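*Asks:* What follows is a structure written as structure tokens; I'll ask about it next.
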Amino acid sequence: MSDLYKKFVGIGRTGILNWIPDKIYINIAYFLRFKKRMNWKNPETFDEKLQWLKINNRNNAYSKMVDKYEAKNYVGNIIGKEYIIPTIGIYDKFDDIDFEKLPDKFVIKCTHDSGSVVVVKDKSKLDIRKTRKKINKGLRNNGFNYGREWPYKNVKPR
């Protein structure tokens, strides 16, 4: 990946470039990453097909599927809630979590992204400061801003 691509996506991550229409943003990012133009009329590579889908396949159900909490409800309504791992709590801010009420083992993760996960095997050994930093960083992320994955656009970070 080129440094220019990384800078472009880094700026995009902030939301500053959200005024750029999705297709134009994707064209720029694709060119910077692959050094070739995006083939919108006949996408052939896997990456081209993914970009094409971002623009042409906008099913509202996808927004529920990318939100981990909503996805659990969505799947639970289809296959039965008894097959879904229970959720201990949903919090808008890290500081809303009452760690005294949590069990000895649990997982903390943001509902709207893929990297903000902390597996806690022993609550007494949990580094709250480090965990707060990781989760708060995740809460500021939005997959729409940098990748134009529109299902993430209106998902509430929790």
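Every chain in the structure tokens has a letter given in the order shown (A, B, ...), and although residue numbers restart at 1 in each chain, ligands are simply numbered from 1 in the order shown.
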Per residue of stretch 3-34 of chain A within 8 Å of stretch 46-64 of chain A, what are the shortest atom pair and its distance in Å to one decimal, counting only C-alpha atoms, with rows by chain and residue number, as a Markdown table?
*Replies:*
| residue | atom | partner | partner_atom | distance |
| --- | --- | --- | --- | --- |
| A:Asp22 | CA | A:Ile55 | CA | 7.4 |
| A:Lys23 | CA | A:Ile55 | CA | 6.8 |
| A:Ile26 | CA | A:Gln51 | CA | 7.1 |
*Asks:* Write the residues of the preceding selection, restricted to all heavy atoms, as a PDB file, in the first residue's frame.
*Replies:*
ATOM      1  N   ASP A  22     -19.682   9.107  -2.607  1.00  0.00           N
ATOM      2  CA  ASP A  22     -19.109   7.785  -2.372  1.00  0.00           C
ATOM      3  C   ASP A  22     -18.340   7.242  -3.579  1.00  0.00           C
ATOM      4  O   ASP A  22     -17.227   6.738  -3.437  1.00  0.00           O
ATOM      5  CB  ASP A  22     -20.207   6.786  -1.998  1.00  0.00           C
ATOM      6  CG  ASP A  22     -20.868   7.121  -0.677  1.00  0.00           C
ATOM      7  OD1 ASP A  22     -20.341   7.981   0.058  1.00  0.00           O
ATOM      8  OD2 ASP A  22     -21.915   6.519  -0.380  1.00  0.00           O
ATOM      9  N   LYS A  23     -18.921   7.342  -4.758  1.00  0.00           N
ATOM     10  CA  LYS A  23     -18.291   6.754  -5.939  1.00  0.00           C
ATOM     11  C   LYS A  23     -16.962   7.453  -6.261  1.00  0.00           C
ATOM     12  O   LYS A  23     -15.977   6.797  -6.624  1.00  0.00           O
ATOM     13  CB  LYS A  23     -19.234   6.809  -7.144  1.00  0.00           C
ATOM     14  CG  LYS A  23     -18.810   5.919  -8.290  1.00  0.00           C
ATOM     15  CD  LYS A  23     -19.936   5.827  -9.323  1.00  0.00           C
ATOM     16  CE  LYS A  23     -19.575   4.894 -10.451  1.00  0.00           C
ATOM     17  NZ  LYS A  23     -20.659   4.777 -11.428  1.00  0.00           N
ATOM     18  N   ILE A  26     -14.394   6.376  -3.579  1.00  0.00           N
ATOM     19  CA  ILE A  26     -13.932   5.007  -3.854  1.00  0.00           C
ATOM     20  C   ILE A  26     -12.986   4.993  -5.050  1.00  0.00           C
ATOM     21  O   ILE A  26     -11.972   4.290  -5.037  1.00  0.00           O
ATOM     22  CB  ILE A  26     -15.134   4.056  -4.055  1.00  0.00           C
ATOM     23  CG1 ILE A  26     -15.855   3.853  -2.713  1.00  0.00           C
ATOM     24  CG2 ILE A  26     -14.700   2.721  -4.647  1.00  0.00           C
ATOM     25  CD1 ILE A  26     -17.196   3.149  -2.820  1.00  0.00           C
TER      26      ILE A  26
END
*Asks:* I want to know what sits within 9 Å of stretch 17-21 of chain A, based on only C-alpha atoms, with residues of the same chain fewer than 4 positions away left out; could you give that as a list in words?
*Replies:*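 Here the answer would be Ile11, Gly12, Arg13, Tyr25, Ile26, Phe144, Asn145, Tyr146 and Arg148 of chain A.
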*Asks:* From a DSSP pass on the backbone, collect the residues of chain A flagged as helix (DSSP H, G or I) and hand them back as a ChimeraX atom specification.
*Replies:* /A:3-13,22-34,46-56,61-66,68-79,81-83,94-96,99-101,123-125,128-140,143-147,150-152
*Asks:* For a test of reading the model, state the distance in Å between atom CA of A:Asn141 and atom CA of A:Asp92, rounded to one decimal.
*Replies:* 13.8 Å
*Asks:* I'd like the neighbourhood of A:Val120 as a PyMOL selection string, where a residue qualifies if any of its atoms comes within 8 Å (using only C-alpha atoms), though same-chain residues fewer than 2 positions away should be ignored.
*Replies:* chain A and resi 104-108+118+122-123+126
*Asks:* Go ahead and dump the residues you just picked, all heavy atoms, as a tab-separated table (two decimals), in the first residue's frame.
*Replies:*
chain	number	residue	atom	x	y	z
A	104	ASP	N	-16.58	-12.57	36.35
A	104	ASP	CA	-15.12	-12.65	36.35
A	104	ASP	C	-14.55	-12.73	34.93
A	104	ASP	O	-13.44	-12.27	34.68
A	104	ASP	CB	-14.66	-13.85	37.18
A	104	ASP	CG	-13.16	-13.83	37.42
A	104	ASP	OD1	-12.63	-12.75	37.76
A	104	ASP	OD2	-12.52	-14.88	37.23
A	105	LYS	N	-15.31	-13.32	33.99
A	105	LYS	CA	-14.87	-13.47	32.60
A	105	LYS	C	-15.93	-12.86	31.69
A	105	LYS	O	-17.12	-13.14	31.84
A	105	LYS	CB	-14.70	-14.95	32.23
A	105	LYS	CG	-13.67	-15.67	33.03
A	105	LYS	CD	-13.63	-17.13	32.65
A	105	LYS	CE	-12.63	-17.88	33.51
A	105	LYS	NZ	-12.55	-19.29	33.12
A	106	PHE	N	-15.48	-12.06	30.72
A	106	PHE	CA	-16.40	-11.42	29.78
A	106	PHE	C	-15.61	-10.85	28.62
A	106	PHE	O	-14.38	-10.85	28.61
A	106	PHE	CB	-17.24	-10.33	30.46
A	106	PHE	CG	-16.42	-9.27	31.16
A	106	PHE	CD1	-16.01	-8.13	30.48
A	106	PHE	CD2	-16.04	-9.43	32.48
A	106	PHE	CE1	-15.25	-7.16	31.11
A	106	PHE	CE2	-15.28	-8.47	33.12
A	106	PHE	CZ	-14.89	-7.33	32.44
A	107	VAL	N	-16.33	-10.33	27.64
A	107	VAL	CA	-15.74	-9.69	26.47
A	107	VAL	C	-16.34	-8.30	26.36
A	107	VAL	O	-17.56	-8.13	26.49
A	107	VAL	CB	-16.00	-10.48	25.17
A	107	VAL	CG1	-15.50	-9.73	23.95
A	107	VAL	CG2	-15.37	-11.86	25.25
A	108	ILE	N	-15.48	-7.31	26.13
A	108	ILE	CA	-15.95	-5.94	25.84
A	108	ILE	C	-15.62	-5.68	24.38
A	108	ILE	O	-14.48	-5.91	23.95
A	108	ILE	CB	-15.22	-4.90	26.71
A	108	ILE	CG1	-15.49	-5.13	28.19
A	108	ILE	CG2	-15.63	-3.49	26.30
A	108	ILE	CD1	-14.71	-4.19	29.10
A	118	VAL	N	-11.83	-6.59	23.67
A	118	VAL	CA	-10.98	-6.94	24.80
A	118	VAL	C	-11.60	-8.18	25.44
A	118	VAL	O	-12.74	-8.15	25.90
A	118	VAL	CB	-10.89	-5.79	25.83
A	118	VAL	CG1	-10.05	-6.22	27.04
A	118	VAL	CG2	-10.33	-4.54	25.18
A	122	ASP	N	-9.84	-12.78	33.42
A	122	ASP	CA	-9.80	-12.60	34.88
A	122	ASP	C	-9.97	-11.12	35.18
A	122	ASP	O	-9.03	-10.34	34.97
A	122	ASP	CB	-8.48	-13.13	35.43
A	122	ASP	CG	-8.39	-13.04	36.94
A	122	ASP	OD1	-9.24	-12.37	37.58
A	122	ASP	OD2	-7.46	-13.63	37.51
A	123	LYS	N	-11.15	-10.75	35.65
A	123	LYS	CA	-11.47	-9.35	35.89
A	123	LYS	C	-10.47	-8.68	36.84
A	123	LYS	O	-10.16	-7.50	36.68
A	123	LYS	CB	-12.89	-9.24	36.43
A	123	LYS	CG	-13.36	-7.82	36.66
A	123	LYS	CD	-14.84	-7.69	36.92
A	123	LYS	CE	-15.27	-8.34	38.21
A	123	LYS	NZ	-16.67	-8.05	38.54
A	126	LEU	N	-7.62	-7.08	34.94
A	126	LEU	CA	-7.97	-6.17	33.84
A	126	LEU	C	-7.30	-4.81	34.02
A	126	LEU	O	-7.39	-4.20	35.08
A	126	LEU	CB	-9.49	-5.99	33.77
A	126	LEU	CG	-10.02	-4.99	32.74
A	126	LEU	CD1	-9.70	-5.46	31.32
A	126	LEU	CD2	-11.52	-4.80	32.91
